[in-house]
Amino acid sequence: MREHSDIIIVGGGPVGATLALALADSPWQVQVLEARADLSRAAYRRTLALSYGSRLILERLGIWSGLQDVTPIKDIHVSQRGTLGVSRIRANEEGLPALGYVVDYAELDSVLHEALRATAVEVSAGSRVTAIAHNTGYARIELEQAGVKRQLTTRLAVVADGGGNGAERVTREYGQHALLASVTTELPNQGCAYERFTADGPVALLPQGDGFALVWTATPERVAELLAMPDDEFLQALYAHFGDRVGRFLTVAGRSSFPLILRYAKKLVTAHQVMIGNAAQTLHPVAGQGFNLGLRDAWELAEMVRDCGRETLGSLDMLKRYQASRRVDTSASIFFTDLLVRLFSNAHPVLQHGRSLGLMALQLLPPAKHMVARRMIFGARG
Ligand SMILES: Cc1cc2nc3c(=O)[nH]c(=O)nc-3n(C[C@H](O)[C@H](O)[C@H](O)COP(=O)(O)OP(=O)(O)OC[C@H]3O[C@@H](n4cnc5c(N)ncnc54)[C@H](O)[C@@H]3O)c2cc1C
């Protein structure tokens, strides 16, 4: 393990590993510190909805073709339970082969690390960072590796640990939990993703392989009940809640849950330190924006760092420029996601009617629909 590196990335999850790969051909010595001892085991079992814009980033890094388990999303069907309004966003109307893709977190993680092994980037597994302090001209990183404490220094510490512990942050609890599972259905998925808003919160079905990845939002009590149900009872409850757009639900596997929050750092940067990905912001999964935003963080930081001089690397000026460059995309993603949750997760009759009209209007006004689609696919700069 090098005592000093130009750039140290704390956390080798998909966002940290993407940044490392994007910097692999830069003039900088890059080191990744990853808490997991075994890099072949991903930190989470999770399904990710990648936007088409994220595919372009992964293609430029040369890893897109290495992913096997990829299901294209050709259409997105948005509806509200109990009303008529429906909006349908179609890839062919946007002139794209797909609006996005459903991929497996573990596979993406493993393909990124495989690609990193062929570069000069040093990845230190089993290295848990415990503190980062600032000195004039560099950051000092404290870590534990196999029970041994160590200290490293760097011009730029990039925190991509998924949590960004220690930073001052804004947190909003939605009072909802998300239940995740894989389901199969009577009708084939045909590459269609469903987003259905209900008074309890949104339910999403993302096409994955022959079935769907389910994200069912509800109160913590209801999610606990749903987790405890026998399979057949759960499948009936899902059918009653979601309706029959995909026919009956046939099988369910891998039920798990997590609490939904919006959390973001008040300040992304201090001298010689910056936060990206989930460490910078954790979003409600309603529109599948979180990971895509994190990838754009990594990409933009790499672009800025690649071309800067040695004296500029890690300086507060440089990092403030990075922070300013991310402000519009980040704020817009937080606002868009939060608005969707607040606007749609209640049974107020006036709002319900308004939402139904809104979905119909979106369907009838192609320019408005196109704008929403571009926003979801490419971020605020789409
Ligand atoms: C259940 C769930 C479902 C989601 N579904 C979607 C979705 O459908 N679409 C979407 O776009 N986004 C989704 N997200 C969000 C998405 O998972 C995150 O945006 C993504 O994982 C962020 O990647 P990351 O690399 O920033 O962080 P993480 O994936 O959390 O990776 C962080 C890495 O840092 C390492 N680490 C942690 N602490 C330390 C430390 N102290 N020292 C060293 N290393 C450390 C961890 O081992 C891990 O490898 C979901 C999130 C959750 C919780």
# chains A, B, ... in the order shown; residues from 1 in each chain; ligands from 1

call {"tool": "residues_around", "arguments": {"residues": "Arg321 of chain A", "least_positions_apart": "6", "cutoff": "12 Å", "atoms": "only C-alpha atoms", "output": "NGL selection string"}}
result
:A and (268-270 or 274 or 300-301 or 304-305 or 308 or 312-315 or 327)

call {"tool": "residues_near_ligand", "arguments": {"ligand": "ligand 1", "cutoff": "8 Å", "atoms": "only C-alpha atoms and all ligand atoms", "output": "PyMOL selection string"}}
result
chain A and resi 10-17+33-36+42-44+46-51+102+105+126-130+143+160-163+178+180+257-258+276-280+282-283+285+287-294

call {"tool": "select_by_dssp", "arguments": {"residues": "segment 58-121 of chain A", "states": "helix (DSSP H, G or I)", "output": "list in words"}}
result
Leu58, Glu59, Arg60, Trp64, Ser65, Gly66, Asn92, Glu93, Glu94, Tyr105, Ala106, Glu107, Leu108, Asp109, Ser110, Val111, Leu112, His113, Glu114, Ala115, Leu116 and Arg117 of chain A

call {"tool": "closest_residue", "arguments": {"among": "A:Arg90, A:Gly62, A:Pro27, A:Leu112", "to": "Leu39 of chain A", "atoms": "only C-alpha atoms"}}
result
A:Leu112

call {"tool": "closest_residue", "arguments": {"among": "A:His284, A:Arg172, A:Arg342, A:Arg296", "to": "Tyr322 of chain A", "atoms": "only C-alpha atoms"}}
result
A:Arg296

call {"tool": "closest_residue", "arguments": {"among": "A:Arg169, A:Arg245, A:Lys267, A:Arg155", "to": "Ile7 of chain A", "atoms": "only C-alpha atoms"}}
result
A:Arg155

call {"tool": "residues_around", "arguments": {"residues": "Cys192 of chain A", "least_positions_apart": "6", "cutoff": "12 Å", "atoms": "only C-alpha atoms", "output": "PyMOL selection string"}}
result
chain A and resi 71-78+88-91+98-102+204-213+245-246

call {"tool": "select_by_dssp", "arguments": {"residues": "segment 27-207 of chain A", "states": "strand (DSSP E or B)", "output": "number ranges by chain"}}
result
A: 30-33, 47-51, 70-73, 75-80, 86-90, 100-104, 122-124, 127-135, 138-145, 148-159, 169-185, 192-198, 201-207

call {"tool": "residues_around", "arguments": {"residues": "Trp64 of chain A", "least_positions_apart": "4", "cutoff": "8 Å", "atoms": "only C-alpha atoms", "output": "ChimeraX atom specification"}}
result
/A:55,58-59
